[in-house]
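Asks: This is the structure, below, for whatever I ask next.
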Amino acid sequence: MQLGQDRELDALRKRVRELAAQYAPPRHPRTGVRAPEPEQIPALRKWTAVLFGEQLLGVNWPVEYGGLENPHPLHEKVVTDELVRIGAAGPVGGGLLAGAAIVASGTKEQKDYFLPRIRSGEHIWCQLFSEPEAGSDLAGLRTRARREGGEFVVDGQKVWTTNAHHADWGYLLARTDPDAPKHAGITAFALDMRTPGVTVRPLREITGTADFNEVFLDGVRIPADRVIGKVNEGWAVTTASLALERSSAGSGASLFGALNRLARLAGQVTRDGRPAIERDDVRQAIGGFAAEVYVNALVSAYGDSRALHGSGDVADAPVSKILFSQINLALHEYGMQLQGHDGVRIEGDAKVHDDGWWQDAFLYGRAFTIAGGTNEVLRNLIAERALGLPR
Ligand SMILES: Cc1cc2nc3c(=O)[nH]c(=O)nc-3n(C[C@H](O)[C@H](O)[C@H](O)COP(=O)(O)OP(=O)(O)OC[C@H]3O[C@@H](n4cnc5c(N)ncnc54)[C@H](O)[C@@H]3O)c2cc1C
């Protein structure tokens, strides 16, 4: 593979664009990974079925469950990046993450039941991992699952659950052995979100939307055959999906579009009665962002190339993700600065630039510094595991 260029992958990107033009439902031009509005769900289920049915996604699954014989190792990453780059919706919910766990650790019955329904868009999944006292320190989770005959009874609380208000199924982590060491004693479950005792409460965020939820679990009964993997061995199950989440964060596919918007904005707003783009300092700043966006793309392609050749480093994905989220935040902060007092206008205001896109991106930009491992935790990881520094 040449850095950032590959005929097979270029053809794949083209197919993504063609299919998106034909089938992708219109999307509110919000930034980031957002939960859809309820009325968008039926169209998104259909779009999800197209993405899996056309073998753009789920290609690493076994062939009998729709996977490809010999998929290109970067196939799914390229598809996901291209969707982000063109601003099209991805598959609805966390089916890819739950699917990865079921493929790696599920029973045949679970694979037969769940995988086709993820592919068809019939089942929307959410990921019930984080808790009020367990985010970065996920292994500290306290939600309990007690065995009672052929069932587990679950009590606890989850938080920041994207799409829980739309989800049919939850990929749940709960503690089954409170006496075991922290990473042991955790079990993964498939939870039917309509089970009595599951309460989903949306959380309104700084952006004004409600992408996340609190999920309360009170005496929730889960049949024992919905354990994914082995009882008390859920930590190993999660590593399959967490690795997928980390590798998909931070490729920076959205940054080139943001850079173009910034240049356009600088031509629209004025400073001292003249277009801001005519000022040296503004052109310097935009040139600086352009350099950073290119560096980010190259670092990401370099990581891909190393992974392809089996010479990947533990620091590759964290470095890419930190770089992307910092550039993304700084670029959108600058876009807000350029607007001066008009920066306080929001979507719906007749005078707001780009329909309020900047304000949304500026506020949402913080989420990328948190999701998929916070930047602080990833810096620790680089320091300890890649550089061998003391803890
Ligand atoms: C867009 C988005 C989508 C999400 N979707 C989901 C979802 O669907 N399901 C789900 O379960 N969760 C989801 N999350 C939650 C996410 O996994 C957590 O926010 C993340 O793990 C951090 O946990 P926390 O928020 O509890 O922060 P904490 O872990 O409490 O961290 C608070 C602060 O302390 C810092 N910190 C923590 N530990 C250390 C350390 N050892 N060294 C230095 N600094 C440290 C952190 O960097 C952070 O700044 C989502 C989050 C985002 C932003």
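Every chain in the structure tokens takes a letter, A first, then B, and so on in the order presented; its residues are numbered from 1, and the ligands are numbered from 1 following the presented order.
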As a PyMOL selection string, please: all residues of range 179-383 of chain A that backbone DSSP puts in helix (DSSP H, G or I).

Replies: chain A and resi 224-226+234-248+255-268+276-278+280-308+316-338+340-344+353-368+375-383

Asks: Find the residues around Gly32 in chain A up to 8 Å (only C-alpha atoms counted), leave out those fewer than 5 positions away in its own chain, and share them as a PyMOL selection string.

Replies: chain A and resi 361+364-365+368

Asks: Excluding Gly340 in chain A and residues on its chain fewer than 4 positions from it, collect all residues at most 12 Å away from it, counting only C-alpha atoms, and give them as a ChimeraX atom specification.

Replies: /A:266,269-272,276,333-336,344-345,352-353

Asks: From the set A:Gly150, A:Gly140, A:Gly388, A:Gly257, which residue has the shortest atom-to-atom contact distance to ligand 1, counting only C-alpha atoms and all ligand atoms?

Replies: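 Answer, going by the shortest atom-to-atom distance: A:Gly140.
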
Asks: Show me which residues line ligand 1, defined as having an atom within 9 Å of a ligand atom where only C-alpha atoms and all ligand atoms count, and present them as a ChimeraX atom specification.

Replies: /A:32-34,93-94,126-138,158-164,172-173,211-213,364,366-380

Asks: Counting only C-alpha atoms, which residue out of A:Gln337, A:Thr143, A:Gln157, A:Thr239 sits closest to Asp177 in chain A?

Replies: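 Counting only C-alpha atoms, the residue closest to Asp177 in chain A is A:Thr143.
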
Asks: Could you write out, as number ranges by chain, all the residues of range 205-303 of chain A that DSSP marks as strand (DSSP E)?

Replies: A: 212-223, 227-228, 270-271, 274-275

Asks: Restrict the selected residues to all heavy atoms and save them as a compact mmCIF listing (two decimals), in the first residue's frame.

Replies:
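Okay, this is what ended up in again-v7.txt:
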```txt
# COMPACT_ATOMS: atom_id res chain seq x y z
N PHE A 212 -27.24 11.15 24.54
CA PHE A 212 -26.91 10.18 25.60
C PHE A 212 -28.10 9.96 26.52
O PHE A 212 -29.05 10.73 26.53
CB PHE A 212 -25.81 10.72 26.51
CG PHE A 212 -24.55 11.09 25.82
CD1 PHE A 212 -24.15 12.40 25.75
CD2 PHE A 212 -23.74 10.12 25.26
CE1 PHE A 212 -22.97 12.75 25.14
CE2 PHE A 212 -22.55 10.45 24.65
CZ PHE A 212 -22.17 11.78 24.59
N ASN A 213 -27.95 8.93 27.35
CA ASN A 213 -29.00 8.62 28.33
C ASN A 213 -28.38 8.10 29.62
O ASN A 213 -27.27 7.58 29.62
CB ASN A 213 -29.90 7.48 27.81
CG ASN A 213 -30.56 7.85 26.50
OD1 ASN A 213 -31.65 8.38 26.49
ND2 ASN A 213 -29.90 7.58 25.38
N GLU A 214 -29.18 8.23 30.69
CA GLU A 214 -28.92 7.45 31.89
C GLU A 214 -29.80 6.22 31.75
O GLU A 214 -30.94 6.32 31.28
CB GLU A 214 -29.38 8.21 33.13
CG GLU A 214 -28.59 9.45 33.43
CD GLU A 214 -29.17 10.18 34.63
OE1 GLU A 214 -30.35 10.60 34.54
OE2 GLU A 214 -28.47 10.31 35.63
N VAL A 215 -29.30 5.07 32.17
CA VAL A 215 -30.11 3.85 32.12
C VAL A 215 -30.11 3.23 33.52
O VAL A 215 -29.05 2.92 34.05
CB VAL A 215 -29.57 2.85 31.07
CG1 VAL A 215 -30.41 1.57 31.07
CG2 VAL A 215 -29.58 3.48 29.67
N PHE A 216 -31.30 3.11 34.07
CA PHE A 216 -31.44 2.54 35.42
C PHE A 216 -31.90 1.09 35.29
O PHE A 216 -32.81 0.79 34.51
CB PHE A 216 -32.44 3.35 36.23
CG PHE A 216 -32.01 4.78 36.41
CD1 PHE A 216 -32.38 5.75 35.48
CD2 PHE A 216 -31.20 5.15 37.47
CE1 PHE A 216 -31.96 7.07 35.62
CE2 PHE A 216 -30.77 6.47 37.62
CZ PHE A 216 -31.15 7.43 36.69
N LEU A 217 -31.27 0.20 36.06
CA LEU A 217 -31.58 -1.22 35.99
C LEU A 217 -32.03 -1.67 37.38
O LEU A 217 -31.22 -1.70 38.32
CB LEU A 217 -30.34 -2.00 35.54
CG LEU A 217 -29.74 -1.52 34.20
CD1 LEU A 217 -28.30 -1.97 34.05
CD2 LEU A 217 -30.58 -2.01 33.03
N ASP A 218 -33.32 -1.96 37.51
CA ASP A 218 -33.87 -2.32 38.83
C ASP A 218 -34.51 -3.70 38.77
O ASP A 218 -35.60 -3.87 38.21
CB ASP A 218 -34.93 -1.29 39.26
CG ASP A 218 -34.32 0.09 39.40
OD1 ASP A 218 -33.37 0.22 40.18
OD2 ASP A 218 -34.78 1.02 38.71
N GLY A 219 -33.81 -4.69 39.33
CA GLY A 219 -34.34 -6.07 39.35
C GLY A 219 -34.61 -6.59 37.94
O GLY A 219 -35.59 -7.30 37.72
N VAL A 220 -33.73 -6.26 37.02
CA VAL A 220 -33.92 -6.66 35.62
C VAL A 220 -33.51 -8.13 35.45
O VAL A 220 -32.40 -8.52 35.81
CB VAL A 220 -33.06 -5.77 34.68
CG1 VAL A 220 -33.13 -6.27 33.25
CG2 VAL A 220 -33.51 -4.33 34.78
N ARG A 221 -34.42 -8.95 34.90
CA ARG A 221 -34.15 -10.38 34.78
C ARG A 221 -33.66 -10.72 33.36
O ARG A 221 -34.33 -10.42 32.39
CB ARG A 221 -35.41 -11.20 35.10
CG ARG A 221 -35.78 -11.05 36.55
CD ARG A 221 -36.93 -11.91 36.98
NE ARG A 221 -36.97 -11.89 38.45
CZ ARG A 221 -36.33 -12.75 39.22
NH1 ARG A 221 -35.66 -13.75 38.69
NH2 ARG A 221 -36.38 -12.63 40.54
N ILE A 222 -32.47 -11.32 33.30
CA ILE A 222 -31.90 -11.70 32.00
C ILE A 222 -31.70 -13.22 31.97
O ILE A 222 -31.02 -13.77 32.85
CB ILE A 222 -30.53 -11.03 31.75
CG1 ILE A 222 -30.63 -9.51 31.94
CG2 ILE A 222 -29.99 -11.36 30.37
CD1 ILE A 222 -29.33 -8.76 31.66
N PRO A 223 -32.29 -13.91 30.99
CA PRO A 223 -32.07 -15.36 30.90
C PRO A 223 -30.58 -15.68 30.78
O PRO A 223 -29.85 -14.94 30.10
CB PRO A 223 -32.82 -15.77 29.62
CG PRO A 223 -33.77 -14.65 29.35
CD PRO A 223 -33.15 -13.41 29.92
N VAL A 227 -25.88 -14.58 28.31
CA VAL A 227 -24.51 -14.22 28.67
C VAL A 227 -23.67 -14.33 27.40
O VAL A 227 -23.75 -15.32 26.68
CB VAL A 227 -23.95 -15.18 29.74
CG1 VAL A 227 -22.45 -15.00 29.91
CG2 VAL A 227 -24.66 -14.96 31.06
N ILE A 228 -22.87 -13.28 27.11
CA ILE A 228 -21.96 -13.33 25.95
C ILE A 228 -20.59 -13.77 26.47
O ILE A 228 -20.02 -13.12 27.35
CB ILE A 228 -21.85 -11.96 25.25
CG1 ILE A 228 -23.24 -11.43 24.84
CG2 ILE A 228 -20.94 -12.05 24.02
CD1 ILE A 228 -23.23 -9.99 24.29
N THR A 270 -16.25 39.93 8.50
CA THR A 270 -15.39 41.10 8.28
C THR A 270 -14.62 41.47 9.55
O THR A 270 -15.06 41.19 10.66
CB THR A 270 -16.23 42.33 7.86
OG1 THR A 270 -17.26 42.51 8.82
CG2 THR A 270 -16.84 42.14 6.49
N ARG A 271 -13.45 42.05 9.33
CA ARG A 271 -12.64 42.64 10.41
C ARG A 271 -12.28 44.05 9.95
O ARG A 271 -11.77 44.20 8.83
CB ARG A 271 -11.35 41.84 10.61
CG ARG A 271 -11.48 40.57 11.35
CD ARG A 271 -11.52 40.82 12.86
NE ARG A 271 -11.92 39.63 13.57
CZ ARG A 271 -11.07 38.69 13.99
NH1 ARG A 271 -9.80 38.83 13.78
NH2 ARG A 271 -11.52 37.65 14.64
N ARG A 274 -13.34 45.00 6.45
CA ARG A 274 -12.87 44.26 5.26
C ARG A 274 -13.00 42.76 5.52
O ARG A 274 -12.98 42.31 6.68
CB ARG A 274 -11.40 44.60 5.00
CG ARG A 274 -11.25 46.04 4.50
CD ARG A 274 -9.80 46.48 4.51
NE ARG A 274 -8.92 45.58 3.81
CZ ARG A 274 -7.64 45.39 4.15
NH1 ARG A 274 -7.11 46.05 5.16
NH2 ARG A 274 -6.89 44.57 3.47
N PRO A 275 -13.11 41.95 4.45
CA PRO A 275 -13.21 40.50 4.67
C PRO A 275 -12.01 40.02 5.50
O PRO A 275 -10.86 40.41 5.22
CB PRO A 275 -13.17 39.90 3.26
CG PRO A 275 -13.65 41.01 2.37
CD PRO A 275 -13.18 42.29 3.02
```

Asks: From the list A:Thr199, A:Thr107, A:Thr187, A:Ser300, which residue is nearest Ile322 in chain A when using only C-alpha atoms?

Replies: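 Under the stated criterion, the closest residue is A:Ser300.
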
Asks: Any idea what's packed within 12 Å of Ala184 in chain A, counting only C-alpha atoms, ignoring anything in its chain fewer than 5 positions away? Could you give it as an MDAnalysis selection string?

Replies: chainID A and resid 139:141 173:179 230:237

Asks: Go ahead and write the residues just picked, all heavy atoms, as a short mmCIF file (atom, residue, chain, number, x, y, z; two decimals), in the first residue's frame.

Replies:
```cif
data_model
loop_
_atom_site.label_atom_id
_atom_site.label_comp_id
_atom_site.auth_asym_id
_atom_site.auth_seq_id
_atom_site.Cartn_x
_atom_site.Cartn_y
_atom_site.Cartn_z
N ALA A 139 -13.22 -0.95 34.68
CA ALA A 139 -13.24 -2.19 35.47
C ALA A 139 -13.77 -1.95 36.89
O ALA A 139 -14.06 -2.91 37.61
CB ALA A 139 -11.85 -2.80 35.52
N GLY A 140 -13.93 -0.69 37.28
CA GLY A 140 -14.48 -0.37 38.60
C GLY A 140 -16.01 -0.38 38.60
O GLY A 140 -16.63 0.05 39.58
N LEU A 141 -16.63 -0.89 37.57
CA LEU A 141 -18.10 -0.83 37.48
C LEU A 141 -18.78 -1.60 38.62
O LEU A 141 -18.26 -2.61 39.10
CB LEU A 141 -18.58 -1.32 36.11
CG LEU A 141 -18.31 -2.75 35.67
CD1 LEU A 141 -19.41 -3.68 36.14
CD2 LEU A 141 -18.19 -2.82 34.16
N LEU A 173 -22.38 -4.66 30.59
CA LEU A 173 -21.36 -5.25 31.47
C LEU A 173 -21.85 -5.12 32.90
O LEU A 173 -22.26 -4.03 33.32
CB LEU A 173 -20.04 -4.50 31.36
CG LEU A 173 -19.23 -4.65 30.08
CD1 LEU A 173 -17.89 -3.93 30.22
CD2 LEU A 173 -19.02 -6.12 29.73
N ALA A 174 -21.81 -6.22 33.65
CA ALA A 174 -22.22 -6.19 35.06
C ALA A 174 -21.29 -7.08 35.88
O ALA A 174 -20.68 -8.02 35.35
CB ALA A 174 -23.67 -6.65 35.20
N ARG A 175 -21.21 -6.74 37.17
CA ARG A 175 -20.32 -7.51 38.06
C ARG A 175 -21.06 -8.73 38.59
O ARG A 175 -22.12 -8.61 39.19
CB ARG A 175 -19.86 -6.61 39.22
CG ARG A 175 -18.79 -7.22 40.07
CD ARG A 175 -18.08 -6.19 40.93
NE ARG A 175 -17.35 -5.20 40.14
CZ ARG A 175 -16.22 -5.44 39.48
NH1 ARG A 175 -15.67 -6.64 39.53
NH2 ARG A 175 -15.64 -4.49 38.78
N THR A 176 -20.52 -9.91 38.33
CA THR A 176 -21.15 -11.14 38.79
C THR A 176 -20.41 -11.74 40.00
O THR A 176 -20.97 -12.56 40.71
CB THR A 176 -21.22 -12.19 37.65
OG1 THR A 176 -20.11 -12.00 36.78
CG2 THR A 176 -22.49 -12.03 36.85
N ASP A 177 -19.15 -11.33 40.21
CA ASP A 177 -18.42 -11.81 41.40
C ASP A 177 -17.76 -10.61 42.08
O ASP A 177 -16.66 -10.19 41.70
CB ASP A 177 -17.37 -12.85 40.99
CG ASP A 177 -16.66 -13.42 42.22
OD1 ASP A 177 -16.90 -12.90 43.34
OD2 ASP A 177 -15.88 -14.37 42.05
N PRO A 178 -18.42 -10.06 43.11
CA PRO A 178 -17.88 -8.86 43.76
C PRO A 178 -16.60 -9.13 44.54
O PRO A 178 -15.87 -8.19 44.86
CB PRO A 178 -19.01 -8.42 44.70
CG PRO A 178 -19.92 -9.59 44.84
CD PRO A 178 -19.71 -10.49 43.67
N ASP A 179 -16.31 -10.40 44.82
CA ASP A 179 -15.11 -10.71 45.61
C ASP A 179 -13.88 -10.94 44.74
O ASP A 179 -12.76 -11.01 45.25
CB ASP A 179 -15.36 -11.96 46.48
CG ASP A 179 -16.54 -11.74 47.41
OD1 ASP A 179 -16.68 -10.61 47.92
OD2 ASP A 179 -17.34 -12.68 47.59
N LYS A 230 -18.10 -16.28 28.64
CA LYS A 230 -18.30 -17.04 29.88
C LYS A 230 -18.61 -16.10 31.04
O LYS A 230 -18.18 -14.93 31.05
CB LYS A 230 -17.02 -17.81 30.21
CG LYS A 230 -16.71 -18.88 29.17
CD LYS A 230 -15.79 -19.94 29.78
CE LYS A 230 -15.55 -21.03 28.74
NZ LYS A 230 -14.18 -21.10 28.29
N VAL A 231 -19.33 -16.64 32.03
CA VAL A 231 -19.60 -15.88 33.26
C VAL A 231 -18.27 -15.53 33.92
O VAL A 231 -17.34 -16.35 33.96
CB VAL A 231 -20.48 -16.73 34.23
CG1 VAL A 231 -20.65 -16.00 35.57
CG2 VAL A 231 -21.84 -17.01 33.60
N ASN A 232 -18.16 -14.27 34.37
CA ASN A 232 -16.96 -13.72 35.02
C ASN A 232 -15.80 -13.46 34.05
O ASN A 232 -14.70 -13.11 34.47
CB ASN A 232 -16.43 -14.60 36.17
CG ASN A 232 -17.40 -14.60 37.33
OD1 ASN A 232 -18.15 -13.64 37.52
ND2 ASN A 232 -17.42 -15.67 38.11
N GLU A 233 -16.03 -13.67 32.76
CA GLU A 233 -14.94 -13.42 31.80
C GLU A 233 -15.32 -12.34 30.79
O GLU A 233 -14.88 -12.33 29.63
CB GLU A 233 -14.55 -14.72 31.09
CG GLU A 233 -13.91 -15.69 32.06
CD GLU A 233 -13.40 -16.97 31.42
OE1 GLU A 233 -13.26 -17.01 30.18
OE2 GLU A 233 -13.13 -17.91 32.18
N GLY A 234 -16.18 -11.42 31.24
CA GLY A 234 -16.67 -10.36 30.35
C GLY A 234 -15.59 -9.37 29.95
O GLY A 234 -15.69 -8.72 28.90
N TRP A 235 -14.53 -9.23 30.76
CA TRP A 235 -13.49 -8.26 30.42
C TRP A 235 -12.84 -8.62 29.10
O TRP A 235 -12.57 -7.76 28.26
CB TRP A 235 -12.46 -8.17 31.56
CG TRP A 235 -11.58 -6.98 31.38
CD1 TRP A 235 -10.27 -6.97 31.00
CD2 TRP A 235 -11.97 -5.61 31.53
NE1 TRP A 235 -9.82 -5.68 30.90
CE2 TRP A 235 -10.84 -4.82 31.23
CE3 TRP A 235 -13.16 -4.97 31.89
CZ2 TRP A 235 -10.84 -3.44 31.27
CZ3 TRP A 235 -13.18 -3.59 31.94
CH2 TRP A 235 -12.03 -2.84 31.63
N ALA A 236 -12.60 -9.93 28.91
CA ALA A 236 -11.99 -10.38 27.65
C ALA A 236 -12.94 -10.12 26.48
O ALA A 236 -12.51 -9.76 25.38
CB ALA A 236 -11.66 -11.87 27.73
N VAL A 237 -14.25 -10.25 26.72
CA VAL A 237 -15.23 -10.02 25.66
C VAL A 237 -15.18 -8.55 25.22
O VAL A 237 -15.22 -8.24 24.02
CB VAL A 237 -16.66 -10.38 26.14
CG1 VAL A 237 -17.70 -10.07 25.07
CG2 VAL A 237 -16.73 -11.83 26.57
#
```

Asks: For CA of Val50 in chain A and CA of Lys77 in chain A, determine how far apart the two atoms are, in Å to one decimal place.

Replies: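 Computing the Euclidean distance for CA of Val50 in chain A and CA of Lys77 in chain A yields 17.1 Å.
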
Asks: Write out as a PyMOL selection string the residues lying within 12 Å of range 63-66 of chain A, counting only C-alpha atoms and excluding same-chain residues fewer than 5 positions away.

Replies: chain A and resi 49+51-58+71+99-100+102-103+108+110-120

Asks: Export N, CA, C and O atoms of the chosen residues as a short mmCIF file (atom, residue, chain, number, x, y, z; two decimals), in the first residue's frame?

Replies:
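Full text of result29.cif as output:
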```cif
data_model
loop_
_atom_site.label_atom_id
_atom_site.label_comp_id
_atom_site.auth_asym_id
_atom_site.auth_seq_id
_atom_site.Cartn_x
_atom_site.Cartn_y
_atom_site.Cartn_z
N ALA A 49 -29.29 -1.63 6.68
CA ALA A 49 -29.41 -2.88 5.92
C ALA A 49 -28.64 -2.79 4.60
O ALA A 49 -28.02 -3.77 4.17
N LEU A 51 -25.92 -0.89 4.06
CA LEU A 51 -24.49 -0.90 4.37
C LEU A 51 -23.97 -2.32 4.63
O LEU A 51 -22.88 -2.69 4.18
N PHE A 52 -24.76 -3.11 5.35
CA PHE A 52 -24.35 -4.50 5.60
C PHE A 52 -24.61 -5.37 4.38
O PHE A 52 -23.78 -6.19 4.00
N GLY A 53 -25.78 -5.17 3.74
CA GLY A 53 -26.18 -6.00 2.61
C GLY A 53 -25.23 -5.86 1.43
O GLY A 53 -24.95 -6.82 0.71
N GLU A 54 -24.68 -4.66 1.24
CA GLU A 54 -23.73 -4.42 0.13
C GLU A 54 -22.31 -4.76 0.55
O GLU A 54 -21.35 -4.43 -0.13
N GLN A 55 -22.19 -5.39 1.70
CA GLN A 55 -20.89 -5.82 2.25
C GLN A 55 -19.89 -4.68 2.36
O GLN A 55 -18.71 -4.82 2.04
N LEU A 56 -20.42 -3.54 2.79
CA LEU A 56 -19.52 -2.46 3.16
C LEU A 56 -19.10 -2.63 4.61
O LEU A 56 -17.99 -2.28 5.00
N LEU A 57 -20.00 -3.16 5.42
CA LEU A 57 -19.72 -3.35 6.84
C LEU A 57 -19.93 -4.83 7.22
O LEU A 57 -20.56 -5.58 6.48
N GLY A 58 -19.40 -5.19 8.39
CA GLY A 58 -19.54 -6.58 8.84
C GLY A 58 -18.74 -7.54 7.97
O GLY A 58 -19.01 -8.75 7.95
N PRO A 71 -11.36 -10.09 3.27
CA PRO A 71 -11.54 -8.63 3.21
C PRO A 71 -10.21 -7.90 3.32
O PRO A 71 -9.28 -8.39 3.97
N GLY A 99 -21.81 -6.69 17.59
CA GLY A 99 -21.57 -7.78 16.64
C GLY A 99 -20.17 -8.34 16.79
O GLY A 99 -19.98 -9.56 16.77
N ALA A 100 -19.18 -7.45 16.98
CA ALA A 100 -17.79 -7.91 17.13
C ALA A 100 -17.67 -8.82 18.37
O ALA A 100 -16.98 -9.85 18.34
N ILE A 102 -20.13 -10.58 19.76
CA ILE A 102 -20.88 -11.83 19.55
C ILE A 102 -20.10 -12.75 18.59
O ILE A 102 -20.01 -13.96 18.82
N VAL A 103 -19.51 -12.17 17.55
CA VAL A 103 -18.70 -12.98 16.63
C VAL A 103 -17.56 -13.64 17.39
O VAL A 103 -17.29 -14.83 17.24
N LYS A 108 -23.40 -20.30 19.13
CA LYS A 108 -23.95 -20.41 17.77
C LYS A 108 -25.38 -19.86 17.75
O LYS A 108 -25.77 -19.16 16.81
N GLN A 110 -26.66 -17.55 19.62
CA GLN A 110 -26.61 -16.08 19.66
C GLN A 110 -26.22 -15.51 18.29
O GLN A 110 -26.80 -14.54 17.83
N LYS A 111 -25.24 -16.14 17.65
CA LYS A 111 -24.82 -15.65 16.32
C LYS A 111 -25.98 -15.78 15.34
O LYS A 111 -26.26 -14.85 14.58
N ASP A 112 -26.65 -16.94 15.36
CA ASP A 112 -27.76 -17.17 14.41
C ASP A 112 -28.88 -16.16 14.63
O ASP A 112 -29.53 -15.73 13.69
N TYR A 113 -29.13 -15.83 15.89
CA TYR A 113 -30.25 -14.93 16.17
C TYR A 113 -29.86 -13.46 15.95
O TYR A 113 -30.56 -12.73 15.25
N PHE A 114 -28.74 -13.05 16.55
CA PHE A 114 -28.45 -11.60 16.57
C PHE A 114 -27.81 -11.07 15.29
O PHE A 114 -28.16 -9.98 14.83
N LEU A 115 -26.85 -11.81 14.73
CA LEU A 115 -26.07 -11.22 13.63
C LEU A 115 -26.94 -10.85 12.41
O LEU A 115 -26.81 -9.73 11.89
N PRO A 116 -27.86 -11.73 11.96
CA PRO A 116 -28.70 -11.31 10.82
C PRO A 116 -29.58 -10.11 11.15
O PRO A 116 -29.85 -9.28 10.28
N ARG A 117 -29.99 -9.99 12.40
CA ARG A 117 -30.87 -8.87 12.78
C ARG A 117 -30.10 -7.56 12.94
O ARG A 117 -30.68 -6.49 12.81
N ILE A 118 -28.81 -7.67 13.24
CA ILE A 118 -27.97 -6.46 13.22
C ILE A 118 -27.80 -6.03 11.76
O ILE A 118 -27.96 -4.86 11.41
N ARG A 119 -27.53 -7.00 10.90
CA ARG A 119 -27.30 -6.68 9.47
C ARG A 119 -28.54 -6.06 8.83
O ARG A 119 -28.43 -5.18 7.99
N SER A 120 -29.72 -6.53 9.22
CA SER A 120 -30.94 -6.04 8.55
C SER A 120 -31.43 -4.72 9.13
O SER A 120 -32.39 -4.14 8.63
#
```

Asks: Considering only C-alpha atoms, state which residue in the set A:Arg306, A:His165, A:His183, A:His75 is at the smallest distance from Asp10 in chain A.

Replies: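 Closest candidate: A:His75.
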
Asks: So which one's closest to Ile346 in chain A, A:Thr207, A:Gly303, A:Val282, A:Trp61? Using only C-alpha atoms, please.

Replies: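 Among the listed residues, the smallest separation from Ile346 in chain A belongs to A:Thr207.
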
Asks: Can you measure CA of Glu109 in chain A to CA of Ala190 in chain A for me? One decimal in Å is fine.

Replies: 12.6 Å

Asks: With distances taken over only C-alpha atoms, which of A:Ala89, A:Ala98, A:Leu338, A:Leu331 is nearest to Gly267 in chain A?

Replies: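 Closest candidate: A:Leu338.
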
Asks: So how far away is CA of Thr238 in chain A from CA of Ala210 in chain A, in Å?

Replies: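 We find that CA of Ala210 in chain A and CA of Thr238 in chain A lie 25.6 Å from each other.
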
Asks: Hey, what's within 9 Å of range 42-47 of chain A if we count only C-alpha atoms and toss same-chain stuff fewer than 4 positions away? As JSON, numbers by chain, please?

Replies: {"A": [20, 23, 24, 25, 36, 38, 51, 52, 89, 90, 91, 92, 120, 121, 122, 123, 124]}

Asks: Output C-alpha atoms for every residue in that selection, as a CSV table (one decimal), in the first residue's frame.

Replies:
```csv
chain,number,residue,atom,x,y,z
A,20,ALA,CA,-24.8,7.0,-0.1
A,23,TYR,CA,-29.8,5.4,-0.3
A,24,ALA,CA,-28.5,7.4,2.6
A,25,PRO,CA,-31.3,9.3,4.4
A,36,PRO,CA,-30.8,10.4,15.4
A,38,PRO,CA,-37.0,9.4,16.4
A,51,LEU,CA,-24.5,-0.9,4.4
A,52,PHE,CA,-24.3,-4.5,5.6
A,89,ALA,CA,-25.0,8.7,8.3
A,90,GLY,CA,-23.3,5.5,9.5
A,91,PRO,CA,-25.2,2.3,10.7
A,92,VAL,CA,-27.7,3.2,13.4
A,120,SER,CA,-30.9,-6.0,8.6
A,121,GLY,CA,-31.2,-3.0,10.9
A,122,GLU,CA,-34.0,-4.8,12.8
A,123,HIS,CA,-32.1,-4.6,16.0
A,124,ILE,CA,-30.5,-1.3,17.2
```
